[in-house]
Every structure is written in C-alpha cells, then in structure tokens.
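Structure file final-v6.txt; described as compact mmCIF, C-alpha atoms and all ligand atoms.
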# COMPACT_ATOMS: atom_id res chain seq x y z
CA MET A 18 5.48 25.72 -3.89
CA HIS A 19 3.57 24.53 -0.84
CA ASP A 20 0.28 25.90 -2.06
CA ASP A 21 0.99 23.80 -5.16
CA LEU A 22 1.58 20.74 -3.02
CA GLU A 23 -1.68 21.31 -1.12
CA GLN A 24 -3.56 21.91 -4.33
CA ARG A 25 -2.11 18.76 -5.87
CA LYS A 26 -3.15 16.57 -2.93
CA SER A 27 -6.62 18.07 -3.12
CA GLN A 28 -6.87 17.39 -6.87
CA HIS A 29 -5.72 13.81 -6.25
CA LEU A 30 -8.65 13.22 -3.89
CA ASP A 31 -11.08 14.43 -6.56
CA LEU A 32 -9.47 12.65 -9.51
CA VAL A 33 -9.34 9.23 -7.86
CA GLN A 34 -13.14 9.25 -7.69
CA GLY A 35 -13.05 8.77 -11.51
CA ASP A 36 -11.76 6.05 -13.82
CA VAL A 37 -8.20 5.52 -12.60
CA GLU A 38 -7.89 1.74 -12.59
CA THR A 39 -6.27 0.89 -15.89
CA ALA A 40 -4.53 -2.47 -15.51
CA ASP A 41 -5.09 -5.99 -14.19
CA THR A 42 -3.75 -7.29 -10.89
CA LEU A 43 -3.93 -10.86 -12.30
CA LEU A 44 -5.35 -11.92 -8.94
CA SER A 45 -8.23 -13.53 -10.81
CA CYS A 46 -5.69 -16.11 -12.07
CA VAL A 47 -5.33 -17.36 -8.49
CA ARG A 48 -7.98 -19.99 -7.81
CA LEU A 49 -8.32 -20.92 -4.18
CA VAL A 50 -9.30 -24.56 -3.88
CA HIS A 51 -12.74 -25.17 -2.40
CA ARG A 52 -12.90 -27.66 0.43
CA ALA A 53 -16.35 -29.23 0.78
CA LEU A 54 -15.45 -30.60 4.20
CA PRO A 55 -13.85 -27.64 5.96
CA GLU A 56 -14.10 -29.27 9.44
CA LEU A 57 -13.76 -25.78 10.94
CA ALA A 58 -16.01 -23.27 12.69
CA LEU A 59 -15.98 -19.75 11.23
CA GLU A 60 -15.11 -18.32 14.66
CA ASN A 61 -12.01 -20.51 14.81
CA VAL A 62 -10.46 -18.94 11.72
CA GLU A 63 -7.43 -16.98 12.93
CA LEU A 64 -6.87 -13.80 10.95
CA GLY A 65 -4.22 -12.29 13.24
CA ALA A 66 -1.02 -11.08 11.56
CA GLU A 67 2.21 -9.27 12.38
CA LEU A 68 3.76 -6.32 10.59
CA CYS A 69 6.70 -4.15 11.69
CA GLY A 70 6.67 -5.95 15.03
CA ARG A 71 3.01 -5.08 15.76
CA GLN A 72 0.10 -7.47 16.13
CA LEU A 73 -2.93 -6.91 13.90
CA LYS A 74 -6.36 -8.48 14.43
CA ALA A 75 -6.82 -8.91 10.68
CA PRO A 76 -4.10 -9.03 7.99
CA LEU A 77 -4.96 -5.64 6.51
CA ILE A 78 -3.49 -2.15 6.23
CA ILE A 79 -5.14 1.03 5.04
CA THR A 80 -2.16 2.35 3.10
CA GLY A 81 -0.93 5.95 3.10
CA MET A 82 -2.98 8.41 1.08
CA THR A 83 -3.35 11.90 2.25
CA GLY A 84 -2.73 14.89 4.50
CA GLY A 85 -2.07 18.62 4.17
CA THR A 86 -5.64 19.96 3.90
CA PRO A 87 -8.63 20.02 6.29
CA ARG A 88 -10.47 17.50 4.08
CA ALA A 89 -7.45 15.20 4.19
CA GLY A 90 -7.29 15.64 7.97
CA GLU A 91 -10.85 14.37 8.34
CA ILE A 92 -10.09 11.35 6.13
CA ASN A 93 -6.98 10.51 8.17
CA ARG A 94 -8.76 10.84 11.53
CA ASP A 95 -11.81 8.82 10.46
CA LEU A 96 -9.89 6.02 8.74
CA ALA A 97 -7.37 5.78 11.59
CA ALA A 98 -10.22 5.48 14.12
CA LEU A 99 -11.69 2.73 11.97
CA ALA A 100 -8.31 0.99 11.74
CA GLN A 101 -8.06 1.07 15.53
CA GLU A 102 -11.61 -0.30 15.91
CA MET A 103 -10.91 -3.17 13.51
CA GLY A 104 -7.36 -3.81 14.71
CA VAL A 105 -5.71 -3.18 11.34
CA ALA A 106 -2.71 -1.04 10.38
CA PHE A 107 -2.90 2.52 9.07
CA GLY A 108 -0.59 4.88 7.20
CA VAL A 109 -0.91 8.58 6.48
CA GLY A 110 0.00 10.10 3.11
CA SER A 111 3.25 11.80 2.18
CA MET A 112 4.34 14.11 5.01
CA ARG A 113 6.81 16.04 2.87
CA ILE A 114 4.85 19.27 3.31
CA LEU A 115 5.27 19.07 7.11
CA LEU A 116 9.04 19.39 6.81
CA ASP A 117 8.55 23.05 5.89
CA GLN A 118 5.08 23.71 7.30
CA PRO A 119 4.86 21.90 10.63
CA ASP A 120 1.71 23.87 11.45
CA LEU A 121 -0.16 21.50 9.10
CA LEU A 122 0.39 18.60 11.51
CA PRO A 123 -3.33 18.49 12.51
CA THR A 124 -4.15 17.36 8.94
CA PHE A 125 -2.07 14.21 9.52
CA ALA A 126 -2.46 13.69 13.26
CA VAL A 127 -4.88 10.88 14.04
CA LYS A 128 -5.20 11.28 17.82
CA PRO A 129 -7.11 10.18 19.81
CA ALA A 130 -7.15 7.14 17.50
CA ARG A 131 -4.22 4.77 17.82
CA PRO A 132 -4.25 1.91 15.30
CA PRO A 133 -2.10 -1.09 16.30
CA LEU A 134 0.45 -0.02 13.67
CA LEU A 135 0.72 3.63 12.60
CA LEU A 136 3.10 4.63 9.81
CA ALA A 137 4.42 8.02 8.77
CA ASN A 138 5.20 8.51 5.05
CA LEU A 139 7.91 10.14 2.94
CA GLY A 140 9.14 9.78 -0.64
CA ALA A 141 12.52 8.14 -1.23
CA GLN A 142 13.80 11.20 -3.12
CA GLN A 143 12.93 13.41 -0.14
CA LEU A 144 14.80 11.00 2.12
CA VAL A 145 17.84 11.46 -0.14
CA GLN A 146 17.50 15.25 -0.04
CA ARG A 147 16.49 15.80 3.58
CA GLY A 148 18.21 12.90 5.36
CA ASN A 149 17.38 10.57 8.23
CA GLY A 150 16.72 13.47 10.58
CA ALA A 151 13.66 14.42 8.51
CA ALA A 152 12.26 10.88 8.65
CA LEU A 153 12.80 10.70 12.40
CA ARG A 154 11.15 14.07 12.89
CA LEU A 155 8.07 12.93 10.96
CA ILE A 156 7.79 9.71 12.99
CA GLU A 157 8.00 11.74 16.20
CA MET A 158 5.54 14.41 15.09
CA LEU A 159 2.93 11.77 14.30
CA GLY A 160 3.74 9.55 17.29
CA ALA A 161 4.08 6.74 14.75
CA ASP A 162 5.65 3.30 15.06
CA GLY A 163 7.70 3.75 11.92
CA ILE A 164 7.71 5.18 8.42
CA ALA A 165 6.72 4.05 4.94
CA ILE A 166 9.21 5.23 2.34
CA HIS A 167 7.43 5.42 -0.99
CA LEU A 168 8.84 4.86 -4.48
CA ASN A 169 6.99 6.45 -7.40
CA PRO A 170 9.31 7.12 -10.36
CA ALA A 171 6.58 6.61 -12.99
CA GLN A 172 4.29 9.15 -11.34
CA GLU A 173 7.12 11.68 -10.99
CA LEU A 174 8.03 11.38 -14.68
CA VAL A 175 4.48 12.17 -15.76
CA GLN A 176 4.21 15.14 -13.37
CA ALA A 177 5.45 18.31 -15.09
CA GLU A 178 6.80 19.44 -11.69
CA GLY A 179 7.99 15.95 -10.69
CA ASP A 180 11.46 14.66 -9.83
CA ARG A 181 13.79 13.54 -12.61
CA ASP A 182 16.72 12.25 -10.58
CA PHE A 183 16.24 8.95 -8.77
CA ARG A 184 19.83 8.29 -7.75
CA GLY A 185 20.83 7.52 -4.19
CA CYS A 186 17.49 6.15 -2.96
CA LEU A 187 18.74 2.65 -2.12
CA ASP A 188 21.68 4.01 -0.11
CA ALA A 189 19.41 6.45 1.70
CA ILE A 190 16.93 3.70 2.61
CA ALA A 191 19.76 1.42 3.79
CA GLY A 192 21.12 4.27 5.92
CA LEU A 193 17.73 4.86 7.49
CA VAL A 194 17.26 1.16 8.30
CA GLU A 195 20.72 1.10 9.85
CA GLN A 196 19.95 4.09 12.05
CA ILE A 197 16.40 3.34 13.22
CA GLY A 198 16.10 -0.44 12.77
CA SER A 199 14.40 -2.63 10.20
CA GLN A 200 11.13 -2.89 12.17
CA ARG A 201 10.50 0.83 11.76
CA VAL A 202 10.87 1.04 7.98
CA LEU A 203 8.50 -0.23 5.30
CA VAL A 204 9.36 0.40 1.65
CA LYS A 205 6.39 0.72 -0.68
CA GLU A 206 5.59 1.41 -4.29
CA THR A 207 2.49 3.35 -5.21
CA GLY A 208 0.87 1.18 -7.87
CA CYS A 209 3.60 0.15 -10.34
CA GLY A 210 4.97 -2.74 -8.31
CA ILE A 211 8.28 -3.84 -6.82
CA GLY A 212 9.87 -6.63 -8.87
CA PRO A 213 12.12 -9.37 -7.50
CA ALA A 214 15.40 -7.65 -8.44
CA VAL A 215 14.49 -4.63 -6.30
CA VAL A 216 13.14 -6.87 -3.52
CA ARG A 217 16.56 -8.58 -3.47
CA GLU A 218 18.43 -5.24 -3.41
CA LEU A 219 16.28 -3.93 -0.57
CA TYR A 220 16.56 -7.17 1.39
CA ASP A 221 20.34 -7.28 0.96
CA ARG A 222 20.53 -3.75 2.40
CA GLY A 223 18.54 -4.64 5.52
CA VAL A 224 14.92 -3.86 4.57
CA ARG A 225 12.52 -6.37 6.12
CA ALA A 226 9.08 -4.94 5.26
CA ILE A 227 7.98 -4.32 1.68
CA ASP A 228 4.62 -3.31 0.22
CA VAL A 229 4.84 -4.30 -3.44
CA SER A 230 1.90 -2.03 -4.42
CA GLY A 231 1.58 -3.51 -7.88
CA SER A 232 -0.41 -2.49 -10.92
CA GLY A 233 -4.09 -3.20 -11.31
CA GLY A 234 -5.41 -0.70 -8.78
CA THR A 235 -5.01 3.06 -8.67
CA SER A 236 -2.82 4.15 -11.57
CA TRP A 237 -0.83 7.25 -10.68
CA THR A 238 0.32 7.68 -14.24
CA ARG A 239 -3.38 7.89 -15.16
CA VAL A 240 -4.12 10.33 -12.34
CA GLU A 241 -1.24 12.56 -13.46
CA GLN A 242 -2.42 12.27 -17.08
CA LEU A 243 -5.80 13.61 -15.96
CA ARG A 244 -4.08 16.45 -14.06
CA ALA A 245 -1.59 17.32 -16.81
CA LYS A 246 -1.86 20.73 -18.44
CA VAL A 247 0.92 20.29 -20.99
CA PRO A 248 0.43 17.93 -23.96
CA GLY A 249 3.74 16.06 -23.45
CA ALA A 250 2.83 15.04 -19.91
CA ARG A 251 -0.69 14.06 -20.96
CA GLU A 252 0.62 11.82 -23.72
CA LEU A 253 3.24 10.19 -21.53
CA GLY A 254 0.61 9.60 -18.84
CA GLU A 255 -1.70 7.97 -21.36
CA LEU A 256 1.09 5.81 -22.78
CA LEU A 257 2.18 4.66 -19.32
CA SER A 258 -1.30 4.43 -17.82
CA ASP A 259 -1.09 0.65 -17.36
CA TRP A 260 2.66 0.56 -16.68
CA GLY A 261 3.88 -1.71 -13.95
CA ILE A 262 4.06 -5.25 -12.62
CA PRO A 263 0.69 -6.81 -11.71
CA THR A 264 0.18 -7.15 -7.97
CA ALA A 265 -0.24 -10.95 -8.05
CA ALA A 266 3.03 -11.41 -9.97
CA CYS A 267 4.88 -9.07 -7.58
CA VAL A 268 3.72 -10.96 -4.51
CA ALA A 269 4.61 -14.43 -5.78
CA ALA A 270 7.99 -13.28 -7.13
CA ALA A 271 8.85 -11.35 -3.96
CA ARG A 272 8.01 -14.33 -1.77
CA ALA A 273 10.16 -16.63 -3.92
CA THR A 274 13.03 -14.12 -3.77
CA ALA A 275 12.95 -13.22 -0.08
CA PRO A 276 11.22 -15.92 1.98
CA GLU A 277 11.84 -14.00 5.22
CA VAL A 278 10.57 -10.56 4.22
CA HIS A 279 7.34 -9.16 5.70
CA LEU A 280 5.27 -8.71 2.59
CA VAL A 281 2.31 -6.41 2.02
CA ALA A 282 0.19 -6.86 -1.11
CA SER A 283 -1.48 -3.66 -2.24
CA GLY A 284 -2.54 -2.30 -5.60
CA GLY A 285 -6.03 -3.31 -6.69
CA ILE A 286 -7.11 -5.28 -3.62
CA ARG A 287 -10.84 -4.75 -3.94
CA SER A 288 -12.39 -7.48 -1.82
CA GLY A 289 -11.66 -9.94 0.96
CA LEU A 290 -11.33 -12.56 -1.76
CA ASP A 291 -8.59 -10.54 -3.48
CA ALA A 292 -6.87 -10.26 -0.10
CA ALA A 293 -7.16 -14.03 0.48
CA ARG A 294 -5.68 -14.71 -2.96
CA ALA A 295 -2.74 -12.40 -2.22
CA LEU A 296 -2.16 -14.07 1.16
CA ALA A 297 -2.26 -17.50 -0.48
CA LEU A 298 0.44 -16.34 -2.91
CA GLY A 299 2.69 -15.33 -0.04
CA ALA A 300 1.66 -11.92 1.31
CA ASP A 301 1.48 -11.45 5.10
CA VAL A 302 -0.87 -8.49 4.93
CA ALA A 303 -3.08 -7.00 2.19
CA GLY A 304 -3.31 -3.23 1.68
CA LEU A 305 -6.20 -1.05 0.57
CA ALA A 306 -6.16 2.59 -0.47
CA LEU A 307 -8.72 3.57 -3.11
CA PRO A 308 -11.70 1.53 -1.80
CA MET A 309 -11.37 3.13 1.63
CA VAL A 310 -11.10 6.72 0.46
CA ARG A 311 -13.91 6.23 -2.05
CA ALA A 312 -16.20 4.77 0.61
CA HIS A 313 -15.32 7.63 2.95
CA GLN A 314 -15.97 10.30 0.34
CA LYS A 315 -19.32 8.70 -0.47
CA GLY A 316 -20.72 8.01 2.95
CA GLY A 317 -18.24 9.07 5.63
CA VAL A 318 -16.89 6.81 8.32
CA GLU A 319 -20.02 4.60 8.34
CA ALA A 320 -19.58 3.68 4.66
CA ALA A 321 -15.86 3.08 5.21
CA ARG A 322 -16.67 0.84 8.19
CA GLU A 323 -19.16 -1.16 6.13
CA ALA A 324 -16.61 -1.61 3.33
CA LEU A 325 -13.82 -2.73 5.65
CA LYS A 326 -16.12 -5.10 7.58
CA ALA A 327 -17.28 -6.67 4.32
CA HIS A 328 -13.64 -7.28 3.35
CA VAL A 329 -12.83 -8.92 6.69
CA ASP A 330 -15.98 -11.09 6.51
CA ALA A 331 -15.14 -12.22 2.97
CA LEU A 332 -11.55 -12.94 3.98
CA ARG A 333 -12.77 -15.12 6.85
CA ALA A 334 -15.24 -16.89 4.54
CA ALA A 335 -12.48 -17.62 1.99
CA PHE A 336 -10.25 -19.11 4.72
CA LEU A 337 -13.07 -21.35 5.90
CA LEU A 338 -13.98 -22.49 2.40
CA CYS A 339 -10.37 -23.55 1.85
CA GLY A 340 -10.47 -25.40 5.18
CA ALA A 341 -7.73 -23.05 6.40
CA ARG A 342 -7.58 -22.10 10.08
CA ASN A 343 -4.80 -19.55 9.47
CA VAL A 344 -2.60 -18.11 6.73
CA THR A 345 -0.09 -20.96 6.93
CA ALA A 346 -2.89 -23.42 6.23
CA LEU A 347 -4.24 -21.21 3.44
CA ARG A 348 -0.86 -21.32 1.66
CA ALA A 349 -0.65 -25.06 2.23
CA SER A 350 -4.05 -25.46 0.53
CA ARG A 351 -2.14 -24.87 -2.70
CA PRO A 352 -4.04 -22.39 -4.84
CA VAL A 353 -4.09 -23.13 -8.56
CA VAL A 354 -2.25 -20.46 -10.56
CA LEU A 355 -3.62 -20.03 -14.07
CA GLU A 356 -2.20 -18.32 -17.14
CA PRO A 357 -1.05 -15.67 -17.81
CA LEU A 358 -0.01 -15.24 -14.16
CA ARG A 359 1.90 -18.52 -14.10
CA SER A 360 4.18 -17.47 -16.99
CA PHE A 361 4.49 -13.95 -15.62
CA ILE A 362 5.83 -15.29 -12.31
CA GLU A 363 8.16 -17.72 -14.08
CA GLY A 364 9.49 -14.91 -16.26
CA LEU A 365 10.13 -12.72 -13.23
CA VAL A 366 11.88 -15.25 -11.01
CA GLU A 367 14.02 -17.02 -13.60
C1 LIG A 401 -5.89 9.42 -2.96
C2 LIG A 401 -4.61 8.63 -2.82
C3 LIG A 401 -3.46 9.28 -2.42
C4 LIG A 401 -2.25 8.57 -2.27
N1 LIG A 401 -1.14 9.20 -1.75
C5 LIG A 401 -0.06 8.46 -1.39
C6 LIG A 401 1.01 9.04 -0.63
O1 LIG A 401 1.01 10.23 -0.33
N2 LIG A 401 2.05 8.24 -0.28
C7 LIG A 401 2.09 6.90 -0.62
O2 LIG A 401 3.02 6.18 -0.21
N3 LIG A 401 1.11 6.34 -1.35
C8 LIG A 401 0.03 7.08 -1.72
N4 LIG A 401 -1.00 6.48 -2.41
C9 LIG A 401 -0.81 5.11 -2.93
C10 LIG A 401 -1.47 4.03 -2.08
O3 LIG A 401 -0.91 3.96 -0.78
C11 LIG A 401 -1.36 2.64 -2.76
O4 LIG A 401 -0.01 2.25 -2.79
C12 LIG A 401 -1.90 2.63 -4.19
O5 LIG A 401 -2.97 3.54 -4.34
C13 LIG A 401 -2.39 1.25 -4.61
O6 LIG A 401 -3.48 0.80 -3.83
P1 LIG A 401 -5.01 0.87 -4.34
O7 LIG A 401 -5.08 0.24 -5.69
O8 LIG A 401 -5.81 0.14 -3.28
O9 LIG A 401 -5.39 2.32 -4.40
C14 LIG A 401 -2.21 7.18 -2.59
C15 LIG A 401 -3.39 6.55 -3.03
C16 LIG A 401 -4.57 7.24 -3.15
C17 LIG A 401 -5.79 6.51 -3.62
Please rewrite the model in this file as structure tokens.
Ligand SMILES: Cc1cc2nc3c(=O)[nH]c(=O)nc-3n(C[C@H](O)[C@H](O)[C@H](O)COP(=O)(O)O)c2cc1C
Amino acid sequence: MHDDLEQRKSQHLDLVQGDVETADTLLSCVRLVHRALPELALENVELGAELCGRQLKAPLIITGMTGGTPRAGEINRDLAALAQEMGVAFGVGSMRILLDQPDLLPTFAVKPARPPLLLANLGAQQLVQRGNGAALRLIEMLGADGIAIHLNPAQELVQAEGDRDFRGCLDAIAGLVEQIGSQRVLVKETGCGIGPAVVRELYDRGVRAIDVSGSGGTSWTRVEQLRAKVPGARELGELLSDWGIPTAACVAAARATAPEVHLVASGGIRSGLDAARALALGADVAGLALPMVRAHQKGGVEAAREALKAHVDALRAAFLLCGARNVTALRASRPVVLEPLRSFIEGLVE
C-alpha cells in the first residue's frame, strides 16, 4: 500500500506539469480601482500579515504539496528555504505515509530552513481514523507550528483506491481544535472550494483558520482522471474536472459569513495581481501551490525565487496603484465586482 502511496505522489508531480487547470477562479471579475494620485511611496506599502498567530513579511503561503520521495524532499527543502528567505508561510504535503513509515521523515523535514509559519498536513479522513495523537505526532516530527487538515472528497471519489466514507470529519476537526487550540489548526480544501455553509459549520466548532482553496487552479479531479486506469474513474474525472466553487466566490462568501476567521485564498492564484484581488475581497493571505512547484521543476530554487519575488513585487505595485498602504486600505478602496461573480456571491450568501 505504501509503495502505492509513494508512486501516486510521484505521478502527481509529473501530471501537474500538464494541462490541469480546468475552471475559472472568477478573480478577473474583481477590478481594483486605479488611483492616479496614490500619495504613497512604494517602500511604505505594508505587506505584513498574520496567520495562525505568526507574523509574515508578505501575505502569502506556499501551500502543502508533497513529501514521501527523495524528489519531494528536495522540493520541500528548497521551497521552505525560499519561504524563510521571503518571510512567507510554508506547508508540506500530506504526511499520512509517515504514520506507518516514520523513516521517510527526511522527505518532509525542511531543516535547517524555518519559515515563519510551518504547517504539517493530514487528510480529514485520516484524522477520523487515526485520531488526534496522529496529528500531534506529525506536528512534533516536523517541528511545525500547527497542522493543515485537508478536505478532498471530489478527488477521493475519482481515485479508484480513494475513500468513500466522509462521515465524522467535522467532529474530528472540532476535537483536534479543542485539544491543541485554534491557532494550530488550519482547515483547507484542495481545489474545489469551501462554501459558506461549511465555513459556518467549521467556525461554529472552533476553527479559526480556513484556506478555501477554490476551483480555477489545479484540478484534482482532472489529475485523477489522467491517472485513472479504469474507464469509470476516467469518465467521472472528466465529468467533474471543473467541479467546485470558484476561488473568488469562496473568499467573498466566507468573509461575509465569518468576519473574524483567518482566511487564506488559494486555488488558481497565479500572480501578485490575483493575490491582491483575493485580499481585496477579504482574504488575509493568498496561497500558491502549482506555480511554485512548476517553477521549481523547471529551474530549481532560482526559478522558484524569481516567481515568488515577481508575485510579491506585483502585489506591492497593486497596493500602491490603489493608493493602499495596507490590506485594510486595499479593502476600503472598494473593488468593483463584475458579473458573473457578483451573482455567484449573492447566490452563495443568501
Ligand atoms: C503537486 C501538488 C500536490 C498537492 N498535494 C497536496 C497535499 O498532499 N495536501 C494538501 O492539503 N494539498 C495538496 N495540494 C493542493 C494545494 O495545496 C492547493 O490547495 C491546490 O493545488 C490549489 O492551489 P493551486 O491552484 O495554486 O495549485 C497539492 C497541490 C499540488 C500542485
């Protein structure tokens, strides 16, 4: 089984180099309003942010992707070092395999790098099956600040070997938050989005950090379609390849539903401008997965550094051009929300 898990993670790294972005984030419907008189110096733009009680120099997280193989280990170490250098948060990929094969820890461990926020990662179904002790063990093994619990029912359904029983996840997450504290738990989707009803349920059970990971970026139903060997799984993957709630709609609806929640916008963030649009809609931090691993696989840590720096520069430029010194001012600059995003948000929050 574990060879399968290793093989699957390896296939994922190859497959995401192809055409796996099948939907629209709707972020292009968010028009930041240009301010011809910014009355600001670029160096005075404040990009600092807080997530899970940690201070970031820029409101960005490289979200959890990989681990379990030597290639994955190199990606984790390089991207974590970059996250430390740039002062942004970093998460490793699912650590499920470590629960039975702790000897694979070096493929997740990021030392000597220490990003300002480091997150372990486990699927919600594994939390149900293995309990809080497993989550705590993973946090300790990694020396992490907390853990991202991922939700991925659509991906599991398309995987021939995937889970079919999604009961008990909310209780398990609530139990974990109760035991280790809300600052150490972030709940994330993996590209299909977290809608306002689930945001409300999570918030009511004590969760205070949510990464909506909406549709429009990496589609895991598409990736599993490409991996599928049996026709049924291939067809379901194709049918559901653009399934999910667009990232922009998730962010606006989540913010309207839970004004106090720490909100991460991931899923199809492909530029600093995308990140600025998500922040203007109510996100505290924007998350990137695919662009970072693609850059790394193309040109190593240097290419990843260039990509991340470009995103931070564009983010800073967007703030300045809106006359916004910080994220509060950016939101107050009142972005214009065009159709179809406007109706999508209305439909979700009604
Ligand atoms: C190669 C790869 C592997 C991933 N593996 C995981 C994982 O193990 N755990 C997890 O929570 N999310 C995983 N994700 C999902 C990302 O963290 C993110 O939620 C999603 O890809 C949307 O962001 P993107 O459009 O920038 O890729 C993975 C993403 C990629 C690209």
Among listed residues A:Asn61, A:Thr124, A:Asn138, A:Thr238, nearest A:Asp95 (using all atoms listed in the file):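 Among the listed residues, A:Thr124 lies closest to A:Asp95.
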Which residue, A:Ala295, A:Val268, A:Met309, A:Ala226, has the smallest gap to ligand LIG 401 (chain A) when you use only C-alpha atoms and all ligand atoms?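 Closest residue, counting only C-alpha atoms and all ligand atoms: A:Met309.
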Near A:Leu121, within 10 Å and counting all atoms listed in the file, which residues show up once chain neighbours fewer than 5 positions away are dropped, as a list in words?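 Near A:Leu121, the qualifying residues are Gly84, Gly85, Thr86, Pro87, Gly90, Met112, Ile114, Leu115, Leu116 and Ala126 of chain A.
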Give me the residues near A:Ala282 as a short mmCIF file (atom, residue, chain, number, x, y, z; two decimals) with C-alpha atoms, in the frame of the given file, where near means some atom within 10 Å (using all atoms listed in the file) and where sequence neighbours in that chain fewer than 6 positions away do not count.
data_model
loop_
_atom_site.label_atom_id
_atom_site.label_comp_id
_atom_site.auth_asym_id
_atom_site.auth_seq_id
_atom_site.Cartn_x
_atom_site.Cartn_y
_atom_site.Cartn_z
CA LEU A 77 -4.96 -5.64 6.51
CA ILE A 78 -3.49 -2.15 6.23
CA LYS A 205 6.39 0.72 -0.68
CA GLY A 210 4.97 -2.74 -8.31
CA ILE A 227 7.98 -4.32 1.68
CA ASP A 228 4.62 -3.31 0.22
CA VAL A 229 4.84 -4.30 -3.44
CA SER A 230 1.90 -2.03 -4.42
CA GLY A 231 1.58 -3.51 -7.88
CA THR A 264 0.18 -7.15 -7.97
CA ALA A 265 -0.24 -10.95 -8.05
CA CYS A 267 4.88 -9.07 -7.58
CA VAL A 268 3.72 -10.96 -4.51
CA ALA A 269 4.61 -14.43 -5.78
CA ASP A 291 -8.59 -10.54 -3.48
CA ALA A 292 -6.87 -10.26 -0.10
CA ARG A 294 -5.68 -14.71 -2.96
CA ALA A 295 -2.74 -12.40 -2.22
CA LEU A 296 -2.16 -14.07 1.16
CA LEU A 298 0.44 -16.34 -2.91
CA GLY A 299 2.69 -15.33 -0.04
CA ALA A 300 1.66 -11.92 1.31
CA ASP A 301 1.48 -11.45 5.10
CA VAL A 302 -0.87 -8.49 4.93
CA ALA A 303 -3.08 -7.00 2.19
CA GLY A 304 -3.31 -3.23 1.68
CA LEU A 305 -6.20 -1.05 0.57
#
Mind giving me the straight-line distance from atom CA of A:Val202 to atom CA of A:Ala141 in Å, one decimal?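 If I compute the distance from atom CA of A:Val202 to atom CA of A:Ala141, I get 11.7 Å.
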